[in-house]
Amino acid sequence: MLRTENITSFYGEIQALNGLTLEARKGEITCLLGPNGAGKTTTMFTIAGILKSRTGSIFLEDEELTRESAQTIVRKGIALVPENRLIFPQMSVEENLNAGAFTRSSNDPSIENDIFKMYQRFPPLEGRRNQLAGTLSGGEQQMLAIARALMAKPKILLMDEPSLGLAPLVVKEIFSIIRQLNEEGVTILLVEQNARMALKVANMVYLLEKGKVSFSGSPEEIHQDEVIKRAYLGAEIK
Amino acid sequence: MFTEFLQNCIDGLMIGSGYSLLALGFTMVFGVMKRINLSYGPSIMLGAYFGTWLYLNLEQNAWLVLLGTIFGTVVVGIYVERLCFRAIKSDSTIASMVSSFVIWMQLEEIAMHLLPERTYPFPAFFAAKTIEFGPFYVRSEHLTMFILMLIIVLILHFFLYQTRQGLAIRALSDNPMASLYIGINRSKTLFLSFFLVSLLGGIAGFFILSTDSQITPFFGLWATFKGLIAMMLGGMGSLPGAIIGGLLLGIVEANVFWYGDPILRDISAYLLLFVMLVLRPGGIFGQSIVLRQRLAQERV
């Protein structure tokens with residue numbers, strides 16, 4: 001569904017991605033793992049069009065998106081759930097959801113229906129629909145960020161560290177949401193530090209190191225590889 | 001005595017509605033971009049000069065002047081946006097302020113050369129009349145301006161809270177990075193808000209100048225100062241703050257003018273701002289915005 005071929009991204013003169021190639025297959029959860037500074041978030045930004053790759057190309061269902069603007073890319077069906085949630089703190093929950101549907105036609109009658117569906121999927125949000133989003137708890141904000149991204153009706157959902165800064169129980173909840181979304185057919189590209197949780201849900205894993213893919217395979221293959229287990233994931237992975 | 005005071009307050013509300021309109025423009029730009037557009041007043045002044053120029057050279061028609069003023073202000077507004085806001089990186093807010101100051105000087109020079117006699121008559125829709133309400137008096141142009149301010153506020157509120165473009169403006173003002181992720185075009189939205197603010201400025205400029213029935217190059221300085229003070233009184237970035245701040249400024253000035261000395265009128269504005277900054281640095285509505293923002297940001 002989504003492919004990047006040999007992409008290279010820079011922050012000014014600092015190179016963050018160095019010829020990265022990966023693929024997220026339709027209906028699967030693809031997970032990027034790796035140490036800090038490996039280029040995980042940069043990969044997300046480059047796919048979302050916020051950073052531009054100097055080389056290579058990005059395809060969504062055989063349509064090239066490499067040079068498109070961030071707005072066009074949302075429109076084409078890639079929605080990002082950013083690191084640290086980044087909701088609109090001074091807007092109500094409902095307005096946040098409405099804003100998520102920004103790229104859809106404004107008189108699309110199904111928007112209202114979709115908001116209703118989000119409330120069904122994330123019940124804590126419904127009770128707080130008129131509350132300012134900044135006053136929600138961390139877990140609720142994460143739910144809102146996911147719901148907001150889904151409001152754009154994406155073909156693929158990019159999730160950047162959805163477990164960051166959340167209590168263990170809430171992390172569990174967020175991951176069960178991820179799994180559930182996937183079961184309903186949503187394709188997901190996930191960046192995680194929490195390798196343990198990520199490996200439980202992923203169909204395909206890419207290990208990133210210094211802006212490159214150093215390993216790719218299924219979670220089972222990772223479990224079989226002693227060196228990788230030790231080097232990247234810690235010995236506690238069973 | 002009390003009637004006198006009330007009459008002053010009515011006068012203040014009327015004049016203050018002009019300040020409110022100016023403050024709305026400043027506060028919208030500040031709310032969306034976190035920047036101050038110092039050349040807002042002068043761009044209205046130049047727009048109004050263009051309106052006067054049409055009046056003197058084409059046809060003596062107040063509608064023409066109104067449209068000319070709005071058109072001129074919008075054109076100058078776009079010029080300012082391109083030069084001082086679009087061209088400057090999003091994190092260098094001070095650079096925008098400094099360059100908008102430079103453009104201010106430039107606009108004043110242009111105005112002086114365009115119309116060398118400097119002071120020109122400025123028409124109104126209808127001849128000034130005094131309307132009586134029991135013991136109170138209101139000037140018809142003032143009342144028009146006041147009602148117009150209320151209508152504009154309603155329209156603005158509808159636009160910001162009920163339309164998609166309004167949603168984009170609010171989203172961009174709330175969290176610029178997140179607005180990128182949901183597919184909002186930043187530069188298009190900034191342009192739209194600048195356009196809107198210039199439109200508002202043109203309308204405000206026409207009605208304020210109509211009540212003065214003349215225009216001088218000093219109008220730019222005057223409008224920037226009054227608008228900035230009214231915005232700061234109400235709270236920067238707050239729409240209700242801009243309205244209340246403008247009206248408060250008008251009331252205080254009118255009373256000082258009556259009980260004190262006409263010369264004290266402008267000083268009272270600065271004094272009022274000084275007292276506000278000491279007692280409530282965020283302004284009337286700004287304090288809660290500051291607190292709410294801090295709370296929200298800590299949680300995000």
# chains A, B, ... in the order shown; residues from 1 in each chain; ligands from 1
$ closest_atom_pairs --of "chain A" --to "chain B" --cutoff "10 Å" --atoms "only C-alpha atoms" --output "Markdown table"
| residue | atom | partner | partner_atom | distance |
| --- | --- | --- | --- | --- |
| A:Phe45 | CA | B:Tyr181 | CA | 9.5 |
| A:Ala48 | CA | B:Tyr181 | CA | 7.8 |
| A:Gly49 | CA | B:Tyr181 | CA | 9.4 |
| A:Ile50 | CA | B:Leu180 | CA | 8.0 |
| A:Ser69 | CA | B:Asn185 | CA | 9.0 |
| A:Ala70 | CA | B:Gly183 | CA | 6.4 |
| A:Gln71 | CA | B:Gly183 | CA | 4.0 |
| A:Thr72 | CA | B:Gly183 | CA | 7.2 |
| A:Ile73 | CA | B:Gly183 | CA | 7.8 |
| A:Val74 | CA | B:Gly183 | CA | 5.5 |
| A:Arg75 | CA | B:Gly183 | CA | 7.2 |
| A:Ile78 | CA | B:Tyr181 | CA | 9.7 |
| A:Ala79 | CA | B:Tyr181 | CA | 7.2 |
| A:Leu80 | CA | B:Tyr181 | CA | 6.3 |
| A:Val81 | CA | B:Tyr181 | CA | 8.1 |
| A:Pro82 | CA | B:Tyr181 | CA | 7.9 |
| A:Asn84 | CA | B:Val300 | CA | 6.8 |
| A:Arg85 | CA | B:Val300 | CA | 6.9 |
| A:Leu86 | CA | B:Ala178 | CA | 5.6 |
| A:Ile87 | CA | B:Ala178 | CA | 6.5 |
| A:Phe88 | CA | B:Asn175 | CA | 5.7 |
| A:Pro89 | CA | B:Ala296 | CA | 5.5 |
| A:Gln90 | CA | B:Asp174 | CA | 6.3 |
| A:Met91 | CA | B:Asp174 | CA | 7.7 |
| A:Glu95 | CA | B:Leu167 | CA | 8.2 |
| A:Asn96 | CA | B:Ala171 | CA | 8.5 |
| A:Asn98 | CA | B:Leu167 | CA | 8.6 |
| A:Ala99 | CA | B:Leu167 | CA | 6.8 |
| A:Gly100 | CA | B:Ile182 | CA | 5.6 |
| A:Ala101 | CA | B:Ile182 | CA | 7.6 |
| A:Phe102 | CA | B:Ile182 | CA | 6.7 |
| A:Thr103 | CA | B:Gly183 | CA | 6.1 |
| A:Arg104 | CA | B:Gly183 | CA | 9.8 |
| A:Ser105 | CA | B:Arg164 | CA | 9.6 |
| A:Ser106 | CA | B:Arg164 | CA | 6.7 |
| A:Asn107 | CA | B:Arg164 | CA | 9.8 |
| A:Leu132 | CA | B:Ala296 | CA | 8.6 |
| A:Ala133 | CA | B:Ala296 | CA | 7.9 |
| A:Gly134 | CA | B:Ala296 | CA | 4.2 |
| A:Thr135 | CA | B:Ala296 | CA | 6.1 |
| A:Leu136 | CA | B:Arg299 | CA | 7.8 |
| A:Ser137 | CA | B:Arg299 | CA | 7.4 |
| A:Gly138 | CA | B:Arg299 | CA | 7.1 |
| A:Gln141 | CA | B:Val300 | CA | 7.7 |
| A:Gln142 | CA | B:Val300 | CA | 9.6 |
| A:Ala145 | CA | B:Ala178 | CA | 9.8 |
| A:Arg148 | CA | B:Ile182 | CA | 8.2 |
| A:Ala149 | CA | B:Ile182 | CA | 7.2 |
| A:Met151 | CA | B:Ile182 | CA | 9.4 |
| A:Ala152 | CA | B:Ile182 | CA | 7.6 |
$ residues_around --residues "stretch 26-31 of chain A" --least-positions-apart "2" --cutoff "6 Å" --atoms "only C-alpha atoms" --output "list in words"
Met1, Ala24, Gly185, Val186, Thr187, Ile188, Leu189, Leu190, Val191, Ala202, Asn203, Met204 and Val205 of chain A
$ write_last_selection --atoms "N, CA and C atoms" --output "short mmCIF file (atom, residue, chain, number, x, y, z; two decimals), in the first residue's frame"
data_model
loop_
_atom_site.label_atom_id
_atom_site.label_comp_id
_atom_site.auth_asym_id
_atom_site.auth_seq_id
_atom_site.Cartn_x
_atom_site.Cartn_y
_atom_site.Cartn_z
N MET A 1 0.83 -1.21 0.00
CA MET A 1 0.00 0.00 0.00
C MET A 1 0.87 1.26 0.00
N ALA A 24 4.70 -0.73 3.69
CA ALA A 24 3.62 -1.08 4.61
C ALA A 24 2.52 -1.73 3.79
N GLY A 185 -9.67 -3.42 9.47
CA GLY A 185 -9.15 -3.21 8.12
C GLY A 185 -8.28 -1.98 7.93
N VAL A 186 -7.98 -1.24 8.99
CA VAL A 186 -7.14 -0.05 8.86
C VAL A 186 -5.67 -0.46 8.75
N THR A 187 -5.00 0.05 7.73
CA THR A 187 -3.57 -0.19 7.58
C THR A 187 -2.81 0.79 8.48
N ILE A 188 -1.83 0.29 9.21
CA ILE A 188 -1.16 1.15 10.19
C ILE A 188 0.36 1.06 10.04
N LEU A 189 0.99 2.23 10.06
CA LEU A 189 2.45 2.28 10.15
C LEU A 189 2.75 2.88 11.52
N LEU A 190 3.43 2.08 12.35
CA LEU A 190 3.57 2.44 13.76
C LEU A 190 5.04 2.65 14.11
N VAL A 191 5.31 3.74 14.80
CA VAL A 191 6.65 3.95 15.36
C VAL A 191 6.54 3.75 16.86
N ALA A 202 2.45 -6.18 15.78
CA ALA A 202 2.96 -5.95 14.42
C ALA A 202 2.88 -7.20 13.55
N ASN A 203 2.65 -6.98 12.23
CA ASN A 203 2.79 -8.06 11.26
C ASN A 203 4.17 -8.05 10.66
N MET A 204 4.75 -6.86 10.59
CA MET A 204 6.04 -6.69 9.93
C MET A 204 6.82 -5.66 10.73
N VAL A 205 8.11 -5.93 10.92
CA VAL A 205 8.91 -5.02 11.73
C VAL A 205 10.14 -4.56 10.94
#
$ select_by_dssp --residues "stretch 85-159 of chain A" --states "alpha helix (DSSP H)" --output "number ranges by chain"
A: 93-100, 110-121, 123-126, 138-150
$ residues_around --residues "B:Phe125" --least-positions-apart "5" --cutoff "12 Å" --atoms "only C-alpha atoms" --output "count of residues only"
18
$ select_by_dssp --residues "stretch 107-156 of chain B" --states "strand (DSSP E)" --output "list in words"
Tyr120, Pro121, Thr130, Ile131, Glu132, Phe133, Phe136, Tyr137, Val138 and Arg139 of chain B
